[in-house]
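Asks: One file: run-v7.cif (mmCIF, C-alpha atoms).
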data_my_file
loop_
_atom_site.group_PDB
_atom_site.id
_atom_site.type_symbol
_atom_site.label_atom_id
_atom_site.label_comp_id
_atom_site.auth_asym_id
_atom_site.auth_seq_id
_atom_site.Cartn_x
_atom_site.Cartn_y
_atom_site.Cartn_z
ATOM 1 C CA MET A 1 0.000 0.000 0.000
ATOM 2 C CA ALA A 2 1.169 3.520 -0.785
ATOM 3 C CA VAL A 3 0.688 7.055 0.500
ATOM 4 C CA LEU A 4 -0.248 9.687 -2.082
ATOM 5 C CA VAL A 5 1.374 13.053 -1.326
ATOM 6 C CA THR A 6 -0.104 15.935 -3.308
ATOM 7 C CA GLY A 7 2.320 18.823 -3.715
ATOM 8 C CA GLY A 8 5.031 16.418 -2.615
ATOM 9 C CA ALA A 9 7.805 18.271 -4.448
ATOM 10 C CA GLY A 10 7.147 21.440 -2.446
ATOM 11 C CA TYR A 11 8.912 22.550 0.727
ATOM 12 C CA ILE A 12 6.898 20.761 3.423
ATOM 13 C CA GLY A 13 5.721 18.062 1.016
ATOM 14 C CA SER A 14 9.254 16.993 0.082
ATOM 15 C CA HIS A 15 10.275 16.745 3.729
ATOM 16 C CA THR A 16 7.199 14.622 4.413
ATOM 17 C CA VAL A 17 8.064 12.371 1.466
ATOM 18 C CA ALA A 18 11.569 11.959 2.905
ATOM 19 C CA ALA A 19 10.166 11.077 6.336
ATOM 20 C CA LEU A 20 7.727 8.550 4.832
ATOM 21 C CA LEU A 21 10.549 6.902 2.892
ATOM 22 C CA ASP A 22 12.630 6.712 6.083
ATOM 23 C CA LYS A 23 9.747 4.776 7.647
ATOM 24 C CA GLY A 24 9.668 2.304 4.784
ATOM 25 C CA GLU A 25 6.468 3.620 3.235
ATOM 26 C CA GLU A 26 5.748 3.381 -0.481
ATOM 27 C CA VAL A 27 5.193 6.929 -1.718
ATOM 28 C CA VAL A 28 3.407 8.329 -4.752
ATOM 29 C CA VAL A 29 3.667 12.059 -5.511
ATOM 30 C CA VAL A 30 1.548 14.289 -7.724
ATOM 31 C CA ASP A 31 2.929 17.773 -8.351
ATOM 32 C CA ASN A 32 2.719 20.185 -11.283
ATOM 33 C CA LEU A 33 6.173 21.563 -10.329
ATOM 34 C CA TYR A 34 4.845 25.124 -10.508
ATOM 35 C CA GLN A 35 6.384 25.855 -7.095
ATOM 36 C CA GLY A 36 7.770 22.401 -6.364
ATOM 37 C CA HIS A 37 11.153 21.016 -7.412
ATOM 38 C CA LYS A 38 11.785 17.557 -8.806
ATOM 39 C CA GLU A 39 15.257 17.748 -7.202
ATOM 40 C CA ALA A 40 13.606 17.951 -3.773
ATOM 41 C CA LEU A 41 12.265 14.403 -4.053
ATOM 42 C CA LEU A 42 14.541 11.860 -2.391
ATOM 43 C CA GLY A 43 12.439 9.021 -3.768
ATOM 44 C CA GLY A 44 8.909 7.947 -4.536
ATOM 45 C CA LYS A 45 6.966 7.715 -7.791
ATOM 46 C CA LEU A 46 6.280 11.117 -9.342
ATOM 47 C CA TYR A 47 3.320 11.987 -11.533
ATOM 48 C CA LYS A 48 3.885 15.430 -13.017
ATOM 49 C CA GLY A 49 0.516 17.085 -13.473
ATOM 50 C CA ASP A 50 -2.221 19.240 -12.061
ATOM 51 C CA LEU A 51 -4.508 18.179 -9.236
ATOM 52 C CA ARG A 52 -7.473 19.476 -11.231
ATOM 53 C CA ASP A 53 -6.825 16.891 -13.959
ATOM 54 C CA GLU A 54 -9.541 14.299 -13.249
ATOM 55 C CA ALA A 55 -8.158 11.759 -15.717
ATOM 56 C CA LEU A 56 -4.691 11.987 -14.156
ATOM 57 C CA LEU A 57 -6.029 11.416 -10.648
ATOM 58 C CA ASP A 58 -8.127 8.467 -11.798
ATOM 59 C CA ARG A 59 -4.983 6.988 -13.379
ATOM 60 C CA ILE A 60 -2.942 7.514 -10.194
ATOM 61 C CA PHE A 61 -5.525 5.736 -8.064
ATOM 62 C CA SER A 62 -5.944 2.899 -10.592
ATOM 63 C CA GLU A 63 -2.205 2.307 -11.059
ATOM 64 C CA ASN A 64 -1.322 2.368 -7.345
ATOM 65 C CA GLU A 65 -2.748 0.832 -4.183
ATOM 66 C CA ILE A 66 -3.282 4.040 -2.208
ATOM 67 C CA ASP A 67 -4.393 3.676 1.404
ATOM 68 C CA GLY A 68 -4.124 7.332 2.431
ATOM 69 C CA VAL A 69 -3.532 10.835 1.103
ATOM 70 C CA ILE A 70 -1.492 13.704 2.551
ATOM 71 C CA HIS A 71 -2.673 16.867 0.822
ATOM 72 C CA PHE A 72 -0.262 19.825 0.472
ATOM 73 C CA ALA A 73 -1.000 21.049 -3.061
ATOM 74 C CA ALA A 74 -2.182 24.678 -2.911
ATOM 75 C CA ASN A 75 -1.260 28.255 -3.704
ATOM 76 C CA SER A 76 -0.193 29.942 -0.477
ATOM 77 C CA LEU A 77 0.847 33.583 -0.930
ATOM 78 C CA VAL A 78 -1.363 35.814 1.209
ATOM 79 C CA GLY A 79 -0.722 38.985 -0.798
ATOM 80 C CA GLU A 80 -1.400 37.308 -4.130
ATOM 81 C CA SER A 81 -4.611 35.802 -2.781
ATOM 82 C CA MET A 82 -5.916 39.307 -2.105
ATOM 83 C CA THR A 83 -5.234 40.536 -5.651
ATOM 84 C CA ASN A 84 -6.175 37.303 -7.456
ATOM 85 C CA PRO A 85 -8.670 35.399 -5.275
ATOM 86 C CA GLY A 86 -10.078 33.520 -8.269
ATOM 87 C CA LYS A 87 -6.749 31.756 -8.748
ATOM 88 C CA TYR A 88 -6.853 30.569 -5.137
ATOM 89 C CA TYR A 89 -10.436 29.337 -5.254
ATOM 90 C CA HIS A 90 -9.878 27.507 -8.533
ATOM 91 C CA ASN A 91 -6.597 25.841 -7.565
ATOM 92 C CA ASN A 92 -7.087 25.290 -3.841
ATOM 93 C CA VAL A 93 -10.804 24.636 -3.499
ATOM 94 C CA TYR A 94 -11.639 23.127 -6.881
ATOM 95 C CA GLY A 95 -8.419 21.103 -6.851
ATOM 96 C CA THR A 96 -9.419 19.613 -3.493
ATOM 97 C CA LEU A 97 -12.873 18.796 -4.834
ATOM 98 C CA VAL A 98 -11.366 16.878 -7.757
ATOM 99 C CA LEU A 99 -9.097 15.018 -5.318
ATOM 100 C CA LEU A 100 -11.970 14.074 -3.000
ATOM 101 C CA GLU A 101 -14.118 12.861 -5.891
ATOM 102 C CA ALA A 102 -11.232 10.694 -7.120
ATOM 103 C CA MET A 103 -10.730 9.296 -3.619
ATOM 104 C CA LYS A 104 -14.434 8.507 -3.338
ATOM 105 C CA LYS A 105 -14.393 6.729 -6.706
ATOM 106 C CA ALA A 106 -11.297 4.714 -5.725
ATOM 107 C CA GLY A 107 -12.576 3.856 -2.242
ATOM 108 C CA VAL A 108 -9.740 5.660 -0.446
ATOM 109 C CA SER A 109 -11.073 6.902 2.890
ATOM 110 C CA ARG A 110 -8.187 8.666 4.681
ATOM 111 C CA ILE A 111 -6.808 12.161 4.093
ATOM 112 C CA VAL A 112 -4.492 14.411 6.109
ATOM 113 C CA PHE A 113 -4.882 18.020 5.054
ATOM 114 C CA SER A 114 -2.114 20.605 5.446
ATOM 115 C CA SER A 115 -4.225 23.580 6.501
ATOM 116 C CA THR A 116 -3.115 26.847 8.084
ATOM 117 C CA ALA A 117 -3.552 28.908 11.228
ATOM 118 C CA ALA A 118 -4.596 31.704 8.836
ATOM 119 C CA THR A 119 -8.067 30.146 9.143
ATOM 120 C CA TYR A 120 -8.372 31.929 12.507
ATOM 121 C CA GLY A 121 -7.757 35.463 11.252
ATOM 122 C CA GLU A 122 -7.166 38.025 13.995
ATOM 123 C CA PRO A 123 -6.773 35.972 17.194
ATOM 124 C CA GLU A 124 -9.243 36.435 20.032
ATOM 125 C CA LYS A 125 -6.617 35.153 22.460
ATOM 126 C CA VAL A 126 -3.061 33.830 22.479
ATOM 127 C CA PRO A 127 -2.177 31.029 22.223
ATOM 128 C CA ILE A 128 -4.879 30.080 19.729
ATOM 129 C CA ASP A 129 -6.626 26.734 20.228
ATOM 130 C CA GLU A 130 -8.778 24.612 17.943
ATOM 131 C CA TYR A 131 -12.053 25.850 19.446
ATOM 132 C CA ASP A 132 -11.378 29.512 18.704
ATOM 133 C CA ARG A 133 -13.391 31.404 16.120
ATOM 134 C CA THR A 134 -12.375 30.954 12.475
ATOM 135 C CA LYS A 135 -12.651 34.240 10.587
ATOM 136 C CA PRO A 136 -9.895 34.540 7.940
ATOM 137 C CA THR A 137 -8.677 38.003 6.983
ATOM 138 C CA ASN A 138 -7.376 37.012 3.541
ATOM 139 C CA ALA A 139 -8.510 34.910 0.607
ATOM 140 C CA TYR A 140 -5.769 32.336 1.163
ATOM 141 C CA GLY A 141 -7.017 31.563 4.677
ATOM 142 C CA GLU A 142 -10.612 31.593 3.434
ATOM 143 C CA THR A 143 -9.876 28.979 0.763
ATOM 144 C CA LYS A 144 -8.102 26.760 3.287
ATOM 145 C CA LEU A 145 -11.106 26.972 5.618
ATOM 146 C CA ALA A 146 -13.404 26.131 2.696
ATOM 147 C CA MET A 147 -11.204 23.114 1.934
ATOM 148 C CA GLU A 148 -11.443 21.955 5.556
ATOM 149 C CA LYS A 149 -15.225 22.234 5.503
ATOM 150 C CA MET A 150 -15.559 20.423 2.177
ATOM 151 C CA ILE A 151 -13.366 17.573 3.410
ATOM 152 C CA SER A 152 -15.540 17.312 6.533
ATOM 153 C CA TRP A 153 -18.725 17.047 4.455
ATOM 154 C CA PHE A 154 -17.139 14.238 2.414
ATOM 155 C CA ASP A 155 -16.712 12.441 5.745
ATOM 156 C CA VAL A 156 -20.407 12.924 6.565
ATOM 157 C CA ALA A 157 -21.554 11.788 3.132
ATOM 158 C CA HIS A 158 -18.911 9.249 2.117
ATOM 159 C CA GLY A 159 -16.955 8.268 5.249
ATOM 160 C CA ILE A 160 -13.682 9.887 4.189
ATOM 161 C CA LYS A 161 -11.943 10.302 7.551
ATOM 162 C CA ASN A 162 -9.682 13.311 7.815
ATOM 163 C CA VAL A 163 -7.278 15.302 9.937
ATOM 164 C CA SER A 164 -6.636 19.001 9.280
ATOM 165 C CA LEU A 165 -3.393 20.453 10.650
ATOM 166 C CA ARG A 166 -3.219 24.208 11.270
ATOM 167 C CA TYR A 167 0.116 25.964 11.760
ATOM 168 C CA PHE A 168 1.927 29.226 11.039
ATOM 169 C CA ASN A 169 5.566 29.286 9.888
ATOM 170 C CA ALA A 170 7.500 26.285 8.630
ATOM 171 C CA ALA A 171 11.261 26.748 8.839
ATOM 172 C CA GLY A 172 14.575 24.916 8.675
ATOM 173 C CA ALA A 173 15.861 22.166 6.400
ATOM 174 C CA HIS A 174 16.371 18.401 6.301
ATOM 175 C CA GLU A 175 19.135 16.985 8.487
ATOM 176 C CA SER A 176 20.777 15.398 5.432
ATOM 177 C CA GLY A 177 21.321 18.845 3.907
ATOM 178 C CA LYS A 178 19.875 17.557 0.632
ATOM 179 C CA ILE A 179 16.557 19.418 0.704
ATOM 180 C CA GLY A 180 15.463 22.787 2.038
ATOM 181 C CA GLU A 181 13.419 25.899 1.315
ATOM 182 C CA ASP A 182 13.406 27.400 -2.175
ATOM 183 C CA HIS A 183 10.465 29.700 -2.986
ATOM 184 C CA THR A 184 10.041 32.179 -5.821
ATOM 185 C CA PRO A 185 9.195 34.756 -4.670
ATOM 186 C CA GLU A 186 10.455 34.225 -1.126
ATOM 187 C CA SER A 187 8.162 35.568 1.600
ATOM 188 C CA HIS A 188 9.336 33.787 4.772
ATOM 189 C CA LEU A 189 11.410 35.645 7.342
ATOM 190 C CA ILE A 190 14.218 33.173 8.034
ATOM 191 C CA PRO A 191 15.272 32.607 4.393
ATOM 192 C CA LEU A 192 14.958 36.347 3.743
ATOM 193 C CA VAL A 193 17.312 37.068 6.652
ATOM 194 C CA LEU A 194 19.738 34.418 5.386
ATOM 195 C CA GLN A 195 19.666 35.989 1.927
ATOM 196 C CA VAL A 196 21.069 39.122 3.558
ATOM 197 C CA ALA A 197 23.785 37.001 5.166
ATOM 198 C CA LEU A 198 24.608 35.626 1.716
ATOM 199 C CA GLY A 199 24.850 39.114 0.224
ATOM 200 C CA GLN A 200 21.753 38.606 -1.933
ATOM 201 C CA ARG A 201 19.882 41.413 -0.162
ATOM 202 C CA GLU A 202 21.259 44.671 1.213
ATOM 203 C CA PHE A 203 19.248 44.513 4.449
ATOM 204 C CA ILE A 204 16.271 42.846 6.107
ATOM 205 C CA SER A 205 13.179 44.996 6.577
ATOM 206 C CA VAL A 206 11.620 44.983 10.044
ATOM 207 C CA PHE A 207 7.998 46.025 9.751
ATOM 208 C CA GLY A 208 7.590 48.044 12.953
ATOM 209 C CA ASP A 209 9.449 47.992 16.272
ATOM 210 C CA ASP A 210 6.741 49.545 18.448
ATOM 211 C CA TYR A 211 4.505 46.537 19.083
ATOM 212 C CA PRO A 212 3.475 45.639 22.661
ATOM 213 C CA THR A 213 6.101 42.885 22.883
ATOM 214 C CA GLU A 214 9.326 42.660 24.888
ATOM 215 C CA ASP A 215 11.537 43.995 22.083
ATOM 216 C CA GLY A 216 8.847 45.837 20.108
ATOM 217 C CA THR A 217 8.833 43.459 17.111
ATOM 218 C CA CYS A 218 6.170 40.924 16.119
ATOM 219 C CA ILE A 219 6.244 37.438 17.619
ATOM 220 C CA ARG A 220 5.481 34.427 15.448
ATOM 221 C CA ASP A 221 5.351 30.642 15.740
ATOM 222 C CA TYR A 222 8.196 28.831 13.938
ATOM 223 C CA ILE A 223 8.170 25.059 13.552
ATOM 224 C CA HIS A 224 10.936 22.985 12.012
ATOM 225 C CA VAL A 225 9.782 21.460 8.745
ATOM 226 C CA SER A 226 10.808 17.973 9.883
ATOM 227 C CA ASP A 227 8.577 18.326 12.946
ATOM 228 C CA LEU A 228 5.713 19.239 10.620
ATOM 229 C CA ALA A 229 6.430 16.178 8.480
ATOM 230 C CA ASP A 230 6.336 14.014 11.615
ATOM 231 C CA ALA A 231 2.961 15.472 12.620
ATOM 232 C CA HIS A 232 1.433 14.704 9.213
ATOM 233 C CA ILE A 233 2.593 11.086 9.392
ATOM 234 C CA ARG A 234 1.311 10.718 12.954
ATOM 235 C CA ALA A 235 -2.056 12.073 11.822
ATOM 236 C CA LEU A 236 -2.214 9.551 8.973
ATOM 237 C CA ASN A 237 -1.354 6.703 11.324
ATOM 238 C CA ARG A 238 -4.089 7.856 13.695
ATOM 239 C CA LEU A 239 -6.600 7.497 10.856
ATOM 240 C CA ARG A 240 -5.139 4.100 9.939
ATOM 241 C CA GLU A 241 -5.768 2.997 13.513
ATOM 242 C CA GLY A 242 -9.437 3.956 13.244
ATOM 243 C CA GLY A 243 -9.237 7.448 14.714
ATOM 244 C CA GLU A 244 -12.044 9.889 14.094
ATOM 245 C CA SER A 245 -11.753 13.033 12.014
ATOM 246 C CA ALA A 246 -10.156 15.951 13.869
ATOM 247 C CA VAL A 247 -8.470 19.348 13.651
ATOM 248 C CA TYR A 248 -5.114 19.973 15.345
ATOM 249 C CA ASN A 249 -2.979 23.072 15.799
ATOM 250 C CA LEU A 250 0.774 22.670 15.539
ATOM 251 C CA GLY A 251 2.922 25.206 17.378
ATOM 252 C CA ASN A 252 6.111 25.544 19.376
ATOM 253 C CA GLY A 253 4.186 27.022 22.296
ATOM 254 C CA THR A 254 6.259 30.176 22.808
ATOM 255 C CA GLY A 255 7.007 31.996 19.561
ATOM 256 C CA PHE A 256 9.998 34.121 18.593
ATOM 257 C CA SER A 257 10.236 37.800 17.703
ATOM 258 C CA VAL A 258 11.567 39.240 14.448
ATOM 259 C CA LYS A 259 14.514 40.677 16.377
ATOM 260 C CA GLN A 260 15.255 37.276 17.935
ATOM 261 C CA VAL A 261 15.298 35.656 14.488
ATOM 262 C CA ILE A 262 17.746 38.295 13.208
ATOM 263 C CA ASP A 263 19.989 38.095 16.300
ATOM 264 C CA VAL A 264 20.165 34.283 16.215
ATOM 265 C CA SER A 265 20.861 34.387 12.476
ATOM 266 C CA ARG A 266 23.773 36.758 13.097
ATOM 267 C CA GLU A 267 25.181 34.346 15.681
ATOM 268 C CA VAL A 268 24.744 31.277 13.487
ATOM 269 C CA THR A 269 26.130 32.810 10.277
ATOM 270 C CA GLY A 270 28.771 35.086 11.790
ATOM 271 C CA ARG A 271 27.539 37.783 9.398
ATOM 272 C CA GLU A 272 26.476 41.333 10.196
ATOM 273 C CA ILE A 273 22.960 41.158 8.616
ATOM 274 C CA PRO A 274 21.909 44.838 8.508
ATOM 275 C CA ALA A 275 18.292 45.489 9.510
ATOM 276 C CA LYS A 276 16.150 48.480 8.613
ATOM 277 C CA ILE A 277 13.049 49.540 10.557
ATOM 278 C CA VAL A 278 10.207 50.328 8.160
ATOM 279 C CA PRO A 279 6.515 51.153 8.777
ATOM 280 C CA ARG A 280 4.190 48.478 10.068
ATOM 281 C CA ARG A 281 2.241 46.377 7.583
ATOM 282 C CA SER A 282 -1.502 46.773 7.838
ATOM 283 C CA GLY A 283 -3.178 43.927 9.704
ATOM 284 C CA ASP A 284 -0.050 42.444 11.322
ATOM 285 C CA PRO A 285 -1.008 41.219 14.827
ATOM 286 C CA ALA A 286 1.618 41.657 17.536
ATOM 287 C CA VAL A 287 1.647 37.988 18.562
ATOM 288 C CA LEU A 288 0.565 34.846 16.720
ATOM 289 C CA ILE A 289 1.136 31.573 18.553
ATOM 290 C CA ALA A 290 -0.831 28.327 18.216
ATOM 291 C CA SER A 291 -1.419 25.944 21.111
ATOM 292 C CA SER A 292 -0.488 22.367 20.211
ATOM 293 C CA GLU A 293 -1.677 20.711 23.440
ATOM 294 C CA ARG A 294 -4.301 18.636 21.656
ATOM 295 C CA ALA A 295 -1.779 17.350 19.088
ATOM 296 C CA ARG A 296 0.657 16.510 21.854
ATOM 297 C CA THR A 297 -2.005 14.579 23.766
ATOM 298 C CA GLU A 298 -3.827 12.789 20.942
ATOM 299 C CA LEU A 299 -1.068 12.372 18.334
ATOM 300 C CA GLY A 300 1.853 12.024 20.733
ATOM 301 C CA TRP A 301 3.551 14.813 18.799
ATOM 302 C CA THR A 302 6.354 16.776 20.419
ATOM 303 C CA PRO A 303 8.586 19.099 18.367
ATOM 304 C CA LYS A 304 12.196 17.951 18.414
ATOM 305 C CA PHE A 305 13.358 21.433 17.413
ATOM 306 C CA ALA A 306 11.750 23.559 20.124
ATOM 307 C CA ASP A 307 14.468 26.203 20.150
ATOM 308 C CA LEU A 308 15.128 28.773 17.433
ATOM 309 C CA ARG A 309 18.880 28.210 17.059
ATOM 310 C CA PRO A 310 18.819 24.648 15.633
ATOM 311 C CA ILE A 311 16.045 25.708 13.243
ATOM 312 C CA VAL A 312 18.208 28.552 11.902
ATOM 313 C CA GLU A 313 21.325 26.341 11.875
ATOM 314 C CA SER A 314 19.648 23.777 9.637
ATOM 315 C CA ALA A 315 18.299 26.511 7.345
ATOM 316 C CA TRP A 316 21.748 28.120 7.093
ATOM 317 C CA ALA A 317 23.363 24.768 6.261
ATOM 318 C CA TRP A 318 20.957 24.420 3.334
ATOM 319 C CA HIS A 319 21.072 28.008 2.058
ATOM 320 C CA SER A 320 24.839 28.369 2.323
ATOM 321 C CA ALA A 321 25.294 25.116 0.353
ATOM 322 C CA HIS A 322 22.533 26.032 -2.150
ATOM 323 C CA PRO A 323 22.661 29.837 -2.440
ATOM 324 C CA ASP A 324 20.650 29.727 -5.662
ATOM 325 C CA GLY A 325 18.247 26.985 -4.618
ATOM 326 C CA TYR A 326 17.636 23.826 -6.649
ATOM 327 C CA GLY A 327 19.347 23.259 -9.949
ATOM 328 C CA LYS A 328 19.971 26.911 -10.755
#
Kindly transcribe the structure held in the file into structure tokens.

Replies:
Amino acid sequence: MAVLVTGGAGYIGSHTVAALLDKGEEVVVVDNLYQGHKEALLGGKLYKGDLRDEALLDRIFSENEIDGVIHFAANSLVGESMTNPGKYYHNNVYGTLVLLEAMKKAGVSRIVFSSTAATYGEPEKVPIDEYDRTKPTNAYGETKLAMEKMISWFDVAHGIKNVSLRYFNAAGAHESGKIGEDHTPESHLIPLVLQVALGQREFISVFGDDYPTEDGTCIRDYIHVSDLADAHIRALNRLREGGESAVYNLGNGTGFSVKQVIDVSREVTGREIPAKIVPRRSGDPAVLIASSERARTELGWTPKFADLRPIVESAWAWHSAHPDGYGK
């Protein structure tokens, strides 16, 4: 039996594929390579194509004995989702519908969905837990919430059991040094800071230093990508063992400020990394941290990389060895 990983050539998807292979799982990947990289796959059977291609999905399910799906494939840029929401609804929501219909037809009844803490919108309290209000403030988060709800209704109607995992910022790179983070355009703080260390950017912009936090900069949840991969596999195994559908937050429990990320990056790289204070971005909350108590209790998930330094160290090992990303 095999695990189908959609978007498996992407950042988190490729690390999950690597973790599945380490556990002796047979892996099948579908990815259109729009943002993913074939070089990021350490193994598995790749089908290059779009999730919205019904014939392709039917072929994947007919040619392989799939017993579960881990679903990463989606557009994920918040800013772009606000200027081109149609793209996000068509790819994210419609793509998930095509996937669910193919699963139903093939009799595959387990799916782990890589969701986002952006489904919560502005937090009512910190840390955020799974019972808090969901009110996204951008089209990206809205499409992810719509995907969660659609998956849940396929459980009601067709018995497709599911786990949705909500988290904020993936970071770091694989311990082997073979795979890491390569986005175009790059929007994540840690790789942007490391680009300054590599001389690819003149400085890192800090969007406001007058927030009600200890050092005045925003605090965010950072989770090592390998810890996220582990959580997705644990969620799939929970469904394999007969577990009911559920939603889990994944977080490190404390969060780190923008200034902390820059300071630790300076220590790890030994580079100056100039920073420039610029005006706040509209809608940036001071603190975003997700509580992962439920995941710890029910999935037995505990992040191995709870501190910021090893996360940055692994990212720096990747970026310094691959300053231009994959195959460039």

Asks: Could you give me, as CSV, every region 18-112 of chain A residue with an atom at most 12 Å from region 118-126 of chain A, plus its closest atom pair and distance in Å to one decimal, counting all atoms listed in the file, rows ordered by chain then number?

Replies:
residue,atom,partner,partner_atom,distance
A:Ser76,CA,A:Ala118,CA,10.5
A:Leu77,CA,A:Ala118,CA,11.3
A:Val78,CA,A:Ala118,CA,9.2

Asks: How many Å separate CA of Gly243 (chain A) from CA of Val30 (chain A)?

Replies: 25.8 Å

Asks: Taking 3 positions as the minimum chain separation for residues in the same chain, which residues sit within 7 Å of region 200-217 of chain A when counting only C-alpha atoms? Answer as a PyMOL selection string.

Replies: chain A and resi 193+195-196+257-259+273-281+286

Asks: Using C-alpha atoms, can you export the residues from the last selection as a PDB file, in the coordinates of the input?

Replies:
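again00.pdb, freshly written:
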ATOM      1  CA  VAL A 193      17.312  37.068   6.652  1.00  0.00           C
ATOM      2  CA  GLN A 195      19.666  35.989   1.927  1.00  0.00           C
ATOM      3  CA  VAL A 196      21.069  39.122   3.558  1.00  0.00           C
ATOM      4  CA  SER A 257      10.236  37.800  17.703  1.00  0.00           C
ATOM      5  CA  VAL A 258      11.567  39.240  14.448  1.00  0.00           C
ATOM      6  CA  LYS A 259      14.514  40.677  16.377  1.00  0.00           C
ATOM      7  CA  ILE A 273      22.960  41.158   8.616  1.00  0.00           C
ATOM      8  CA  PRO A 274      21.909  44.838   8.508  1.00  0.00           C
ATOM      9  CA  ALA A 275      18.292  45.489   9.510  1.00  0.00           C
ATOM     10  CA  LYS A 276      16.150  48.480   8.613  1.00  0.00           C
ATOM     11  CA  ILE A 277      13.049  49.540  10.557  1.00  0.00           C
ATOM     12  CA  VAL A 278      10.207  50.328   8.160  1.00  0.00           C
ATOM     13  CA  PRO A 279       6.515  51.153   8.777  1.00  0.00           C
ATOM     14  CA  ARG A 280       4.190  48.478  10.068  1.00  0.00           C
ATOM     15  CA  ARG A 281       2.241  46.377   7.583  1.00  0.00           C
ATOM     16  CA  ALA A 286       1.618  41.657  17.536  1.00  0.00           C
TER      17      ALA A 286
END

Asks: Would you translate the PyMOL selection byres ((chain A and resi 289) around 7) into the concrete set of residues it matches in this file, as a short mmCIF file (atom, residue, chain, number, x, y, z; two decimals) with C-alpha atoms, in the coordinates of the input?

Replies:
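Saved to selection19.cif:
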data_model
loop_
_atom_site.label_atom_id
_atom_site.label_comp_id
_atom_site.auth_asym_id
_atom_site.auth_seq_id
_atom_site.Cartn_x
_atom_site.Cartn_y
_atom_site.Cartn_z
CA VAL A 126 -3.06 33.83 22.48
CA PRO A 127 -2.18 31.03 22.22
CA ILE A 128 -4.88 30.08 19.73
CA ARG A 220 5.48 34.43 15.45
CA ASP A 221 5.35 30.64 15.74
CA GLY A 251 2.92 25.21 17.38
CA GLY A 253 4.19 27.02 22.30
CA THR A 254 6.26 30.18 22.81
CA GLY A 255 7.01 32.00 19.56
CA VAL A 287 1.65 37.99 18.56
CA LEU A 288 0.56 34.85 16.72
CA ALA A 290 -0.83 28.33 18.22
CA SER A 291 -1.42 25.94 21.11
#

Asks: Where does region 36-97 of chain A meet region 153-160 of chain A within 12 Å, residue by residue, with the nearest atom pair and distance in Å to one decimal for each, counting all atoms listed in the file, listed by chain and rising number, as a Markdown table?

Replies:
| residue | atom | partner | partner_atom | distance |
| --- | --- | --- | --- | --- |
| A:Asp67 | CA | A:Ile160 | CA | 11.5 |
| A:Gly68 | CA | A:Ile160 | CA | 10.0 |
| A:Val69 | CA | A:Ile160 | CA | 10.7 |
| A:Thr96 | CA | A:Phe154 | CA | 11.1 |
| A:Leu97 | CA | A:Phe154 | CA | 9.6 |

Asks: Quick one: residues within 12 Å of (19.6, 29.7, 16.3) (file frame), counting all atoms listed in the file, please, as a PyMOL selection string.

Replies: chain A and resi 171-172+190+194+222+224+256+260-270+305-317

Asks: Between A:Thr184, A:Asn84, A:Thr6, A:Ser226, which one has atoms that come closest to Ala19 (chain A), using all atoms listed in the file?

Replies: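 Using all atoms listed in the file, Ala19 (chain A) sits closest to A:Ser226.
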
Asks: If the PyMOL selection byres ((chain A and resi 79) around 12) is run on the structure shown, which residues does it catch, given as a list in words?

Replies: Asn75, Ser76, Leu77, Val78, Glu80, Ser81, Met82, Thr83, Asn84, Pro85, Tyr88, Thr137, Asn138, Ala139, Tyr140, Gly141, Pro185, Ser187, Arg281, Ser282 and Gly283 of chain A

Asks: Just the selected residues (C-alpha atoms), exported as a PDB file, in the coordinates of the input, please.

Replies:
ATOM      1  CA  ASN A  75      -1.260  28.255  -3.704  1.00  0.00           C
ATOM      2  CA  SER A  76      -0.193  29.942  -0.477  1.00  0.00           C
ATOM      3  CA  LEU A  77       0.847  33.583  -0.930  1.00  0.00           C
ATOM      4  CA  VAL A  78      -1.363  35.814   1.209  1.00  0.00           C
ATOM      5  CA  GLU A  80      -1.400  37.308  -4.130  1.00  0.00           C
ATOM      6  CA  SER A  81      -4.611  35.802  -2.781  1.00  0.00           C
ATOM      7  CA  MET A  82      -5.916  39.307  -2.105  1.00  0.00           C
ATOM      8  CA  THR A  83      -5.234  40.536  -5.651  1.00  0.00           C
ATOM      9  CA  ASN A  84      -6.175  37.303  -7.456  1.00  0.00           C
ATOM     10  CA  PRO A  85      -8.670  35.399  -5.275  1.00  0.00           C
ATOM     11  CA  TYR A  88      -6.853  30.569  -5.137  1.00  0.00           C
ATOM     12  CA  THR A 137      -8.677  38.003   6.983  1.00  0.00           C
ATOM     13  CA  ASN A 138      -7.376  37.012   3.541  1.00  0.00           C
ATOM     14  CA  ALA A 139      -8.510  34.910   0.607  1.00  0.00           C
ATOM     15  CA  TYR A 140      -5.769  32.336   1.163  1.00  0.00           C
ATOM     16  CA  GLY A 141      -7.017  31.563   4.677  1.00  0.00           C
ATOM     17  CA  PRO A 185       9.195  34.756  -4.670  1.00  0.00           C
ATOM     18  CA  SER A 187       8.162  35.568   1.600  1.00  0.00           C
ATOM     19  CA  ARG A 281       2.241  46.377   7.583  1.00  0.00           C
ATOM     20  CA  SER A 282      -1.502  46.773   7.838  1.00  0.00           C
ATOM     21  CA  GLY A 283      -3.178  43.927   9.704  1.00  0.00           C
TER      22      GLY A 283
END

Asks: Could you tell me which of A:Gly13, A:Gly44, A:Pro303, A:Gly180 comes closest to Val112 (chain A) if we count all atoms listed in the file?

Replies: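 Closest to Val112 (chain A) of all the choices is A:Gly13.
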
Asks: Tell me, as a PDB file with C-alpha atoms, in the frame of the given file, which residues lie within 6 Å of region 8-11 of chain A, counting only C-alpha atoms; anything in the same chain fewer than 4 positions away does not count.

Replies:
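Saved file selection-v9.pdb follows:
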ATOM      1  CA  VAL A  29       3.667  12.059  -5.511  1.00  0.00           C
ATOM      2  CA  GLY A  36       7.770  22.401  -6.364  1.00  0.00           C
ATOM      3  CA  HIS A  37      11.153  21.016  -7.412  1.00  0.00           C
ATOM      4  CA  LYS A  38      11.785  17.557  -8.806  1.00  0.00           C
ATOM      5  CA  ALA A  40      13.606  17.951  -3.773  1.00  0.00           C
ATOM      6  CA  LEU A  41      12.265  14.403  -4.053  1.00  0.00           C
ATOM      7  CA  GLU A 181      13.419  25.899   1.315  1.00  0.00           C
TER       8      GLU A 181
END
